[in-house]
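S.K.: What follows is data00.csv, made up of CSV, C-alpha atoms:
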```csv
chain,number,residue,atom,x,y,z
A,1,MET,CA,95.1,48.4,95.3
A,2,LYS,CA,92.8,45.7,94.0
A,3,HIS,CA,90.2,46.6,91.3
A,4,ARG,CA,86.8,46.7,93.0
A,5,ILE,CA,83.9,45.2,91.2
A,6,VAL,CA,80.5,45.6,92.8
A,7,VAL,CA,77.5,43.7,91.4
A,8,LEU,CA,74.1,45.0,92.4
A,9,GLY,CA,71.5,42.2,92.4
A,10,ALA,CA,71.9,38.4,92.6
A,11,GLY,CA,69.2,37.3,90.3
A,12,TYR,CA,69.8,35.3,87.2
A,13,ALA,CA,72.0,38.0,85.6
A,14,GLY,CA,73.8,39.2,88.6
A,15,ALA,CA,74.7,35.8,90.1
A,16,TYR,CA,76.0,34.7,86.7
A,17,VAL,CA,78.1,37.8,86.2
A,18,ALA,CA,79.6,37.6,89.7
A,19,GLY,CA,80.4,33.9,89.5
A,20,THR,CA,82.0,34.1,86.1
A,21,LEU,CA,84.1,37.1,86.9
A,22,ALA,CA,85.3,35.3,90.0
A,23,ARG,CA,86.4,32.4,87.9
A,24,ARG,CA,88.0,34.5,85.2
A,25,LEU,CA,89.9,37.2,87.1
A,26,SER,CA,92.8,36.7,89.5
A,27,PRO,CA,91.9,37.4,93.1
A,28,ALA,CA,95.3,39.0,93.4
A,29,ASP,CA,94.1,41.9,91.3
A,30,ALA,CA,90.3,42.1,91.7
A,31,GLU,CA,87.8,41.8,94.5
A,32,ILE,CA,84.1,41.2,93.8
A,33,THR,CA,81.3,42.2,96.1
A,34,VAL,CA,77.6,41.2,95.5
A,35,VAL,CA,74.9,43.3,97.1
A,36,ASN,CA,71.4,41.7,97.4
A,37,ALA,CA,68.5,42.5,99.6
A,38,GLU,CA,67.4,38.9,100.0
A,39,PRO,CA,69.6,36.3,101.6
A,40,ASP,CA,68.5,33.6,99.1
A,41,PHE,CA,68.6,33.1,95.4
A,42,VAL,CA,65.0,33.6,94.0
A,43,GLN,CA,63.9,31.5,91.1
A,44,ARG,CA,61.8,34.2,89.6
A,45,MET,CA,60.6,32.0,86.8
A,46,ARG,CA,58.9,29.8,89.3
A,47,LEU,CA,57.3,32.3,91.6
A,48,HIS,CA,53.8,31.5,90.2
A,49,GLN,CA,54.4,27.9,91.4
A,50,LEU,CA,55.5,29.2,94.8
A,51,ALA,CA,52.3,31.2,95.1
A,52,THR,CA,50.2,28.1,94.5
A,53,GLY,CA,51.9,26.2,97.4
A,54,GLN,CA,54.5,24.2,95.5
A,55,LYS,CA,58.0,23.7,96.9
A,56,VAL,CA,60.5,25.9,95.2
A,57,GLN,CA,64.1,25.8,96.2
A,58,ALA,CA,65.8,29.0,97.3
A,59,PRO,CA,69.5,28.3,97.9
A,60,PRO,CA,71.2,30.7,100.4
A,61,LEU,CA,73.5,33.0,98.5
A,62,ALA,CA,76.1,32.5,101.2
A,63,ASP,CA,76.2,28.8,100.0
A,64,VAL,CA,76.1,29.7,96.4
A,65,PHE,CA,79.1,32.0,96.6
A,66,ALA,CA,81.0,29.9,99.2
A,67,GLY,CA,84.6,29.2,98.0
A,68,THR,CA,84.4,31.7,95.1
A,69,GLY,CA,86.1,34.6,96.9
A,70,ILE,CA,83.0,36.7,96.3
A,71,ARG,CA,82.0,39.0,99.2
A,72,LEU,CA,78.2,38.9,99.8
A,73,ARG,CA,76.6,42.0,101.3
A,74,GLN,CA,72.9,41.5,102.3
A,75,ALA,CA,71.6,45.0,102.0
A,76,ARG,CA,69.1,47.2,100.0
A,77,VAL,CA,70.6,49.6,97.5
A,78,THR,CA,69.3,53.1,98.2
A,79,ALA,CA,71.4,55.2,95.8
A,80,VAL,CA,73.9,55.1,93.1
A,81,ASP,CA,76.4,57.9,92.6
A,82,PRO,CA,78.4,57.2,89.3
A,83,GLU,CA,80.3,60.5,89.6
A,84,ARG,CA,81.9,59.5,92.8
A,85,ARG,CA,81.8,55.8,91.9
A,86,ALA,CA,79.9,54.9,95.1
A,87,VAL,CA,76.8,53.0,96.1
A,88,ALA,CA,74.7,53.6,99.2
A,89,VAL,CA,73.2,50.7,101.0
A,90,ALA,CA,70.9,50.1,103.9
A,91,ASP,CA,70.9,47.0,106.1
A,92,ALA,CA,70.2,45.9,109.7
A,93,ASP,CA,73.4,47.6,110.9
A,94,GLY,CA,72.4,50.9,109.3
A,95,GLY,CA,74.2,50.6,106.0
A,96,GLY,CA,76.9,52.7,104.5
A,97,GLU,CA,78.7,53.2,101.2
A,98,LEU,CA,80.6,50.9,98.9
A,99,GLY,CA,83.1,52.3,96.5
A,100,TYR,CA,83.7,50.7,93.1
A,101,ASP,CA,85.9,50.8,90.1
A,102,THR,CA,83.5,48.8,87.9
A,103,LEU,CA,79.8,48.5,88.7
A,104,VAL,CA,77.5,45.9,87.4
A,105,TYR,CA,73.8,47.1,87.7
A,106,ALA,CA,71.5,44.0,87.7
A,107,LEU,CA,68.7,45.0,90.0
A,108,GLY,CA,66.0,43.5,87.8
A,109,SER,CA,62.4,44.7,87.8
A,110,HIS,CA,59.2,44.7,89.8
A,111,GLY,CA,55.6,44.7,89.0
A,112,ALA,CA,54.3,47.7,87.2
A,113,ARG,CA,51.0,49.2,88.5
A,114,HIS,CA,50.6,51.7,85.6
A,115,GLY,CA,49.0,54.2,88.0
A,116,VAL,CA,45.8,52.1,88.3
A,117,PRO,CA,44.1,53.2,91.6
A,118,GLY,CA,44.0,50.6,94.2
A,119,ALA,CA,46.4,48.2,92.5
A,120,ALA,CA,49.2,48.7,95.0
A,121,GLU,CA,46.8,48.5,98.0
A,122,HIS,CA,44.5,45.7,97.1
A,123,ALA,CA,46.2,43.5,94.4
A,124,PHE,CA,48.7,40.7,94.9
A,125,ASP,CA,51.7,40.1,92.5
A,126,ILE,CA,54.3,37.5,91.9
A,127,ALA,CA,57.2,39.7,90.9
A,128,ALA,CA,59.1,39.0,94.1
A,129,ARG,CA,59.3,36.2,96.7
A,130,PRO,CA,57.6,38.0,99.6
A,131,SER,CA,54.6,39.1,97.5
A,132,ALA,CA,54.3,35.5,96.1
A,133,LEU,CA,54.2,34.2,99.6
A,134,ARG,CA,51.5,36.6,100.6
A,135,LEU,CA,49.4,35.4,97.6
A,136,ARG,CA,50.0,31.8,98.7
A,137,ASP,CA,48.7,32.6,102.2
A,138,ARG,CA,45.6,34.2,100.6
A,139,LEU,CA,45.0,31.2,98.3
A,140,ASP,CA,45.4,28.9,101.3
A,141,ASP,CA,42.7,30.8,103.1
A,142,LEU,CA,40.3,30.8,100.2
A,143,SER,CA,40.9,27.1,99.5
A,144,GLY,CA,39.9,26.3,103.1
A,145,ARG,CA,36.5,27.9,102.7
A,146,GLU,CA,33.6,25.7,102.0
A,147,GLU,CA,32.3,28.1,99.3
A,148,GLY,CA,35.8,28.5,97.7
A,149,GLY,CA,36.5,31.9,96.2
A,150,ARG,CA,37.0,34.0,93.1
A,151,VAL,CA,40.5,34.8,91.8
A,152,LEU,CA,41.0,37.5,89.1
A,153,VAL,CA,44.4,37.5,87.3
A,154,VAL,CA,44.9,40.8,85.5
A,155,GLY,CA,47.3,40.7,82.6
A,156,ASP,CA,47.4,38.6,79.5
A,157,GLY,CA,51.2,38.4,79.1
A,158,LEU,CA,53.2,35.3,79.8
A,159,THR,CA,53.2,35.8,83.5
A,160,GLY,CA,49.4,36.2,83.6
A,161,ILE,CA,48.8,33.1,81.6
A,162,GLU,CA,51.2,31.0,83.7
A,163,THR,CA,49.7,32.3,86.9
A,164,ALA,CA,46.1,31.8,86.0
A,165,THR,CA,46.6,28.2,84.7
A,166,GLU,CA,48.9,27.3,87.7
A,167,ILE,CA,46.3,28.5,90.2
A,168,ALA,CA,43.4,26.8,88.4
A,169,GLU,CA,45.3,23.4,88.3
A,170,SER,CA,46.7,23.6,91.9
A,171,ARG,CA,43.5,25.0,93.4
A,172,PRO,CA,40.5,23.5,91.6
A,173,ALA,CA,38.1,24.7,94.3
A,174,LEU,CA,38.7,28.3,93.2
A,175,ALA,CA,37.1,30.0,90.3
A,176,VAL,CA,39.9,31.6,88.2
A,177,THR,CA,39.3,34.4,85.6
A,178,LEU,CA,42.0,35.8,83.4
A,179,VAL,CA,41.4,39.4,82.3
A,180,ALA,CA,43.1,40.2,79.0
A,181,ARG,CA,43.4,43.7,77.7
A,182,GLY,CA,43.7,42.4,74.2
A,183,GLU,CA,43.4,39.1,72.5
A,184,LEU,CA,44.7,36.2,74.6
A,185,GLY,CA,48.0,34.9,73.2
A,186,SER,CA,48.1,37.5,70.4
A,187,ALA,CA,51.9,37.0,70.0
A,188,LEU,CA,51.6,33.3,69.5
A,189,SER,CA,51.0,31.4,66.2
A,190,THR,CA,47.5,30.3,65.3
A,191,GLY,CA,48.1,26.7,66.5
A,192,ALA,CA,49.6,27.8,69.8
A,193,ARG,CA,46.7,30.2,70.4
A,194,ALA,CA,44.3,27.4,69.9
A,195,HIS,CA,46.2,25.1,72.3
A,196,LEU,CA,46.2,27.9,74.9
A,197,ARG,CA,42.4,28.3,74.6
A,198,ARG,CA,41.9,24.5,75.0
A,199,ALA,CA,44.2,24.5,78.1
A,200,CYS,CA,42.1,27.3,79.7
A,201,ASP,CA,38.9,25.5,78.9
A,202,ARG,CA,40.3,22.2,80.3
A,203,LEU,CA,41.4,23.9,83.5
A,204,GLY,CA,38.2,25.9,83.9
A,205,VAL,CA,39.9,29.4,83.5
A,206,THR,CA,37.4,32.0,82.3
A,207,VAL,CA,39.0,34.4,79.8
A,208,LEU,CA,37.7,38.0,79.4
A,209,GLU,CA,39.4,39.5,76.4
A,210,HIS,CA,39.5,43.2,75.4
A,211,THR,CA,38.8,44.2,79.0
A,212,GLU,CA,40.7,47.0,80.6
A,213,VAL,CA,40.9,47.2,84.4
A,214,THR,CA,40.8,50.9,85.6
A,215,ALA,CA,40.6,50.4,89.4
A,216,VAL,CA,41.1,47.7,92.0
A,217,GLU,CA,39.1,47.6,95.1
A,218,ALA,CA,39.2,45.2,98.1
A,219,THR,CA,36.5,42.8,96.7
A,220,ARG,CA,36.2,43.8,93.1
A,221,VAL,CA,37.7,45.5,90.1
A,222,ARG,CA,36.3,48.2,87.9
A,223,CYS,CA,36.6,47.9,84.1
A,224,ALA,CA,36.7,50.7,81.5
A,225,ASP,CA,33.3,49.8,80.2
A,226,GLY,CA,31.8,50.1,83.7
A,227,THR,CA,31.7,46.4,84.4
A,228,LEU,CA,32.3,45.4,88.0
A,229,LEU,CA,34.0,42.0,88.6
A,230,THR,CA,33.9,40.5,92.1
A,231,SER,CA,37.1,39.1,93.4
A,232,ASP,CA,38.4,37.5,96.6
A,233,ALA,CA,42.0,37.8,95.4
A,234,THR,CA,43.1,40.0,92.5
A,235,VAL,CA,46.5,39.1,91.1
A,236,TRP,CA,48.2,41.9,89.2
A,237,THR,CA,50.5,40.7,86.3
A,238,ALA,CA,50.2,43.6,83.9
A,239,GLY,CA,53.8,44.2,83.1
A,240,PHE,CA,57.1,45.1,84.9
A,241,ALA,CA,59.0,48.2,85.8
A,242,VAL,CA,62.5,48.9,86.9
A,243,SER,CA,63.9,50.8,89.9
A,244,PRO,CA,64.3,54.6,89.6
A,245,LEU,CA,67.8,54.4,91.2
A,246,ALA,CA,69.7,54.5,87.9
A,247,ALA,CA,67.8,57.6,86.7
A,248,ALA,CA,68.1,59.3,90.1
A,249,GLY,CA,71.9,58.7,90.0
A,250,GLY,CA,72.3,60.5,86.7
A,251,LEU,CA,72.9,57.5,84.4
A,252,GLU,CA,71.4,57.9,80.9
A,253,VAL,CA,68.2,55.9,80.9
A,254,THR,CA,65.2,55.3,78.6
A,255,GLU,CA,61.8,56.7,79.3
A,256,ASP,CA,60.9,53.6,81.4
A,257,GLY,CA,64.1,53.9,83.5
A,258,ARG,CA,66.3,51.2,81.9
A,259,ILE,CA,70.0,52.0,81.5
A,260,VAL,CA,71.1,52.8,77.9
A,261,VAL,CA,74.0,50.6,77.1
A,262,ASP,CA,76.3,50.0,74.1
A,263,ARG,CA,76.9,46.6,72.4
A,264,ALA,CA,79.2,45.6,75.3
A,265,MET,CA,76.5,46.4,77.9
A,266,ARG,CA,78.4,49.4,79.0
A,267,SER,CA,76.5,52.5,80.0
A,268,VAL,CA,76.7,55.1,77.3
A,269,SER,CA,77.0,57.9,79.9
A,270,HIS,CA,79.3,56.3,82.5
A,271,PRO,CA,81.8,53.8,81.2
A,272,ASP,CA,82.6,52.3,84.6
A,273,VAL,CA,79.0,51.0,84.8
A,274,TYR,CA,77.6,47.9,83.1
A,275,ALA,CA,74.0,46.8,83.1
A,276,ALA,CA,72.5,43.3,82.6
A,277,GLY,CA,69.1,41.7,82.8
A,278,ASP,CA,65.8,43.7,83.0
A,279,SER,CA,67.7,46.9,84.1
A,280,ALA,CA,69.5,47.2,80.7
A,281,HIS,CA,68.1,48.7,77.5
A,282,ALA,CA,70.1,46.5,75.2
A,283,VAL,CA,69.6,46.3,71.4
A,284,GLY,CA,69.6,42.8,70.0
A,285,ASP,CA,71.4,41.6,66.9
A,286,ASN,CA,68.3,42.4,64.8
A,287,GLY,CA,68.2,46.0,65.9
A,288,ARG,CA,65.3,45.7,68.3
A,289,PRO,CA,65.5,46.2,72.1
A,290,LEU,CA,65.6,43.0,74.0
A,291,PRO,CA,62.5,42.3,76.0
A,292,MET,CA,62.6,41.9,79.8
A,293,SER,CA,63.0,38.1,80.2
A,294,CYS,CA,65.2,35.5,81.8
A,295,ALA,CA,66.6,34.7,78.3
A,296,SER,CA,67.6,38.3,77.8
A,297,ALA,CA,69.2,38.3,81.3
A,298,GLY,CA,71.4,35.4,80.2
A,299,PHE,CA,72.5,37.0,76.9
A,300,THR,CA,73.2,40.4,78.5
A,301,GLY,CA,75.0,38.8,81.4
A,302,MET,CA,77.3,36.9,79.1
A,303,GLN,CA,78.1,40.0,77.1
A,304,ALA,CA,78.7,42.2,80.1
A,305,THR,CA,81.0,39.5,81.7
A,306,ALA,CA,83.0,39.1,78.5
A,307,ALA,CA,83.4,42.8,78.1
A,308,ILE,CA,84.6,43.4,81.6
A,309,VAL,CA,87.1,40.6,81.5
A,310,ALA,CA,88.4,41.9,78.1
A,311,ARG,CA,88.6,45.5,79.3
A,312,LEU,CA,90.5,44.7,82.5
A,313,THR,CA,92.9,42.2,81.0
A,314,GLY,CA,93.8,44.3,77.9
A,315,ARG,CA,92.0,42.2,75.3
A,316,GLU,CA,89.7,43.0,72.5
A,317,VAL,CA,86.1,43.1,73.6
A,318,PRO,CA,84.2,40.2,72.0
A,319,HIS,CA,80.6,40.4,70.9
A,320,THR,CA,78.5,37.5,72.2
A,321,ARG,CA,75.0,36.7,70.9
A,322,LEU,CA,72.2,39.1,71.7
A,323,GLU,CA,69.0,37.5,70.5
A,324,TYR,CA,65.5,36.4,71.5
A,325,VAL,CA,64.7,32.9,70.4
A,326,GLY,CA,61.2,32.3,71.6
A,327,ASN,CA,58.6,32.1,74.4
A,328,HIS,CA,58.0,29.1,76.7
A,329,ILE,CA,54.8,29.2,78.6
A,330,SER,CA,53.8,26.9,81.4
A,331,LEU,CA,50.1,25.8,81.5
A,332,GLY,CA,50.2,24.0,84.9
A,333,ARG,CA,52.6,21.2,85.6
A,334,ARG,CA,51.8,18.9,82.7
A,335,ASP,CA,51.2,21.3,79.8
A,336,ALA,CA,53.1,24.1,78.2
A,337,ILE,CA,53.7,25.9,74.9
A,338,LEU,CA,57.1,26.4,73.2
A,339,GLN,CA,56.8,29.1,70.6
A,340,MET,CA,59.9,29.9,68.6
A,341,VAL,CA,60.2,33.3,66.8
A,342,ASP,CA,61.9,34.4,63.7
A,343,GLU,CA,64.7,37.1,63.3
A,344,GLU,CA,62.1,39.8,63.7
A,345,TRP,CA,60.7,38.1,66.9
A,346,ARG,CA,57.4,37.2,65.2
A,347,ALA,CA,55.9,33.8,66.0
A,348,LYS,CA,56.9,31.0,63.6
A,349,PRO,CA,54.0,28.9,62.3
A,350,LYS,CA,55.1,25.8,64.2
A,351,HIS,CA,55.1,25.3,67.9
A,352,VAL,CA,55.6,22.5,70.5
A,353,ALA,CA,52.9,21.9,73.1
A,354,GLY,CA,51.7,19.5,75.7
A,355,ARG,CA,53.8,17.3,78.0
A,356,LYS,CA,56.8,17.4,75.7
A,357,ALA,CA,57.0,21.2,76.1
A,358,ALA,CA,56.3,21.0,79.8
A,359,ARG,CA,59.2,18.5,80.3
A,360,PHE,CA,61.5,20.7,78.2
A,361,LYS,CA,60.7,23.8,80.4
A,362,ALA,CA,61.2,21.8,83.6
A,363,THR,CA,64.6,20.9,82.3
A,364,ILE,CA,65.4,24.5,81.6
A,365,LEU,CA,64.3,25.6,85.1
A,366,ALA,CA,66.4,22.8,86.7
A,367,MET,CA,69.5,23.8,84.6
A,368,SER,CA,69.0,27.5,85.5
A,369,LEU,CA,69.0,26.7,89.2
A,370,TRP,CA,72.0,24.3,89.0
A,371,THR,CA,74.1,26.7,87.0
A,372,THR,CA,73.3,29.6,89.4
A,373,SER,CA,74.0,27.4,92.4
A,374,HIS,CA,77.4,26.5,90.9
A,375,PRO,CA,78.5,29.9,89.5
A,376,THR,CA,82.1,28.9,88.8
A,377,PHE,CA,81.6,25.4,87.4
A,378,GLY,CA,82.8,24.5,84.0
A,379,LEU,CA,84.5,27.8,83.2
A,380,PRO,CA,88.2,28.1,82.3
A,381,ARG,CA,90.4,27.5,85.4
A,382,ARG,CA,92.9,30.0,84.4
A,383,ARG,CA,92.4,33.3,86.2
A,384,HIS,CA,93.6,36.3,84.2
A,385,ARG,CA,95.8,39.0,85.8
A,386,LEU,CA,94.6,42.5,85.1
A,387,ALA,CA,96.6,44.4,82.5
A,388,ALA,CA,97.2,47.1,85.0
A,389,ALA,CA,95.8,47.3,88.5
A,390,PRO,CA,94.2,50.8,88.4
A,391,GLN,CA,94.7,53.1,91.3
A,392,THR,CA,91.4,54.5,92.5
A,393,PRO,CA,91.3,58.3,93.0
A,394,ALA,CA,90.7,59.3,96.6
A,395,ALA,CA,87.4,61.0,95.7
A,396,ALA,CA,86.1,57.7,94.5
A,397,SER,CA,87.1,55.7,97.6
A,398,PRO,CA,84.3,56.3,100.2
A,399,ALA,CA,84.6,54.4,103.5
A,400,ARG,CA,82.8,51.1,103.4
A,401,ALA,CA,80.8,51.5,106.6
A,402,GLY,CA,79.7,48.1,107.9
A,403,ALA,CA,81.5,46.2,105.2
```
Show me this structure written as structure tokens.

M.R.:
Amino acid sequence: MKHRIVVLGAGYAGAYVAGTLARRLSPADAEITVVNAEPDFVQRMRLHQLATGQKVQAPPLADVFAGTGIRLRQARVTAVDPERRAVAVADADGGGELGYDTLVYALGSHGARHGVPGAAEHAFDIAARPSALRLRDRLDDLSGREEGGRVLVVGDGLTGIETATEIAESRPALAVTLVARGELGSALSTGARAHLRRACDRLGVTVLEHTEVTAVEATRVRCADGTLLTSDATVWTAGFAVSPLAAAGGLEVTEDGRIVVDRAMRSVSHPDVYAAGDSAHAVGDNGRPLPMSCASAGFTGMQATAAIVARLTGREVPHTRLEYVGNHISLGRRDAILQMVDEEWRAKPKHVAGRKAARFKATILAMSLWTTSHPTFGLPRRRHRLAAAPQTPAAASPARAGA
């Protein structure tokens, strides 16, 4: 019986892991199945651009994995049972179960509401493609009005900054306000913070610092100091959260629900489960937990892949890099900030800004899309045989209904 590898999620981490495993492992010994709710690859780093009406490519996953031997299952994961080594899924045909011998959990994250009343009902977000498209429709409606409209972006992290500046540049008829709970750009160097403020001034973005939103209503938000801010579209970018599926399945997780993994990205409670991307609580080489980011997805994905290949082929598990090198913030299409960090992830004094930084980020985005769309390109052509094709116990082999 072939060793069954199931990858949950086909974002940056999941698509990379699946494609690399397909190239490295012999199809005579291993079969790889990817489960993803959406039929297309979503460029999450560009969803703020999609929301403002720009064209953002979304390659069909069927095309991405064509010729790789990877099985694609378009379905929503509803449960994970690591004791039985099974995953429950729901799709148009009713769903079923998938059994696995090795599971890669890469379901990513979604927007965190933090229990703020009305945020889920009245605010837009750009954490997923459907929600970004809903925001685009709303911005289209507001831009078509003679009187324009007011847009409030809540959240002063990288996503909030990119969203506010992108909307302001793409929709100049709209009044954009960025609501920051603390100081805007507090994690940046002094020079980078100054550039960020100049960019907001240039684009007409009003910045409200040290302002906490406590409730979201249909046409306004309430702040902790009693202030009411009118809004025709409130965009919620105040952090991210992960799915509760891992915790519900009994995997050891952190307080925020991320899977606790060892240095090889292997679950500390269930050794047949690996985690990558935002779903993993991975400790970097400096002893600090890696932040949720595309860069972290890349590093954790590489480590998980290397560990799985080594384990299945009887080799010593290598340690790939686990680090965080910096922040790259878009400020519209022609401006950006590249802020490098030191070993403690504190901002270095120097930064790169302006068109040079914008071109550099555009290159990174293009490379990320290309490598994801060509998951097996440039990797060693030799496909390793498994050290021993493990036999799966009958209890761990549920029927794959609808597979």

S.K.: Please report the interatomic distance between atom CA of A:Leu178 and atom CA of A:Gly108 in Å with one decimal.

M.R.: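 Atom-to-atom, atom CA of A:Leu178 and atom CA of A:Gly108 are spaced 25.6 Å apart.
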
S.K.: Which value, in Å to one decimal, gives the distance between atom CA of A:Ala37 and atom CA of A:Thr159?

M.R.: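 The value is 23.2 Å.
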
S.K.: Would you kindly return, as JSON, numbers by chain, each protein, DNA or RNA residue with an atom no farther than 7 Å from any atom of A:Thr177, considering only C-alpha atoms and excluding same-chain residues fewer than 2 positions away?

M.R.: {"A": [151, 152, 153, 175, 179, 205, 206, 207]}

S.K.: Write the residues you've just listed into a file as a short mmCIF file (atom, residue, chain, number, x, y, z; two decimals), in the coordinates of the input, and include C-alpha atoms for each of them.

M.R.:
```cif
data_model
loop_
_atom_site.label_atom_id
_atom_site.label_comp_id
_atom_site.auth_asym_id
_atom_site.auth_seq_id
_atom_site.Cartn_x
_atom_site.Cartn_y
_atom_site.Cartn_z
CA VAL A 151 40.50 34.80 91.80
CA LEU A 152 41.00 37.50 89.10
CA VAL A 153 44.40 37.50 87.30
CA ALA A 175 37.10 30.00 90.30
CA VAL A 179 41.40 39.40 82.30
CA VAL A 205 39.90 29.40 83.50
CA THR A 206 37.40 32.00 82.30
CA VAL A 207 39.00 34.40 79.80
#
```

S.K.: In terms of the shortest atom-to-atom distance over all atoms listed in the file, which of A:Ala192, A:Val273, A:Val309, A:Gln54 is closest to A:Ala357?

M.R.: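 With all atoms listed in the file as the atom set, the closest residue is A:Ala192.
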
S.K.: Considering only C-alpha atoms, state which residue in the set A:Leu47, A:Tyr274, A:Leu196, A:Leu386 is at the smallest distance from A:Gln339.

M.R.: A:Leu196

S.K.: From the options A:Leu203, A:Leu158, A:Ile308, A:Leu139, which residue's atoms come nearest to A:Ala22, counting all atoms listed in the file?

M.R.: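 That would be A:Ile308, the residue with the smallest distance to A:Ala22.
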
S.K.: Find the residue from A:Ala347, A:Gly298, A:Arg150, A:His281 that sits nearest to A:Leu229; use only C-alpha atoms when measuring.

M.R.: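 With only C-alpha atoms as the atom set, the closest residue is A:Arg150.
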
S.K.: Hey, can you check how far atom CA of A:Trp345 sits from atom CA of A:Gly115?

M.R.: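 Computed distance, atom CA of A:Trp345 to atom CA of A:Gly115, equals 29.0 Å.
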
S.K.: Looking at A:Pro318, A:Gly160, A:Pro60, A:Gly185, which one is nearest to A:Asp125, with distances taken over all atoms listed in the file?

M.R.: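 When distances to A:Asp125 are compared using all atoms listed in the file, the smallest one comes from A:Gly160.
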
S.K.: Please determine, counting only C-alpha atoms, which residue among A:Glu146, A:Asp201, A:Asp278, A:Glu97 has the shortest atom-to-atom distance to A:Gly111.

M.R.: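 Closest to A:Gly111 of all the choices is A:Asp278.
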
S.K.: Residues at most 9 Å from A:Ala127, counting only C-alpha atoms, excluding those fewer than 2 positions away in the same chain, as a PyMOL selection string?

M.R.: chain A and resi 44+47-48+109-111+125+129-132+237+240

S.K.: Can you find the residues with an atom no farther than 9 Å from (72.3, 62.5, 92.7), counting all atoms listed in the file, and report them as a VMD selection string?

M.R.: chain A and resid 79 to 83 247 to 250

S.K.: Counting only C-alpha atoms, I want the residues whose atoms come within 6 Å of (44.4, 41.8, 89.5) in the file frame, returned as a list in words.

M.R.: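 The answer, in the requested form, is Ala123, Leu152, Val153, Val154, Thr234, Val235 and Trp236 of chain A.
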
S.K.: Extract, using only C-alpha atoms, all DNA, RNA and protein residues at most 12 Å from A:Ser189, discarding same-chain residues fewer than 5 positions from it, and format them as a PyMOL selection string.

M.R.: chain A and resi 184+194-196+326-327+337-342+345-353
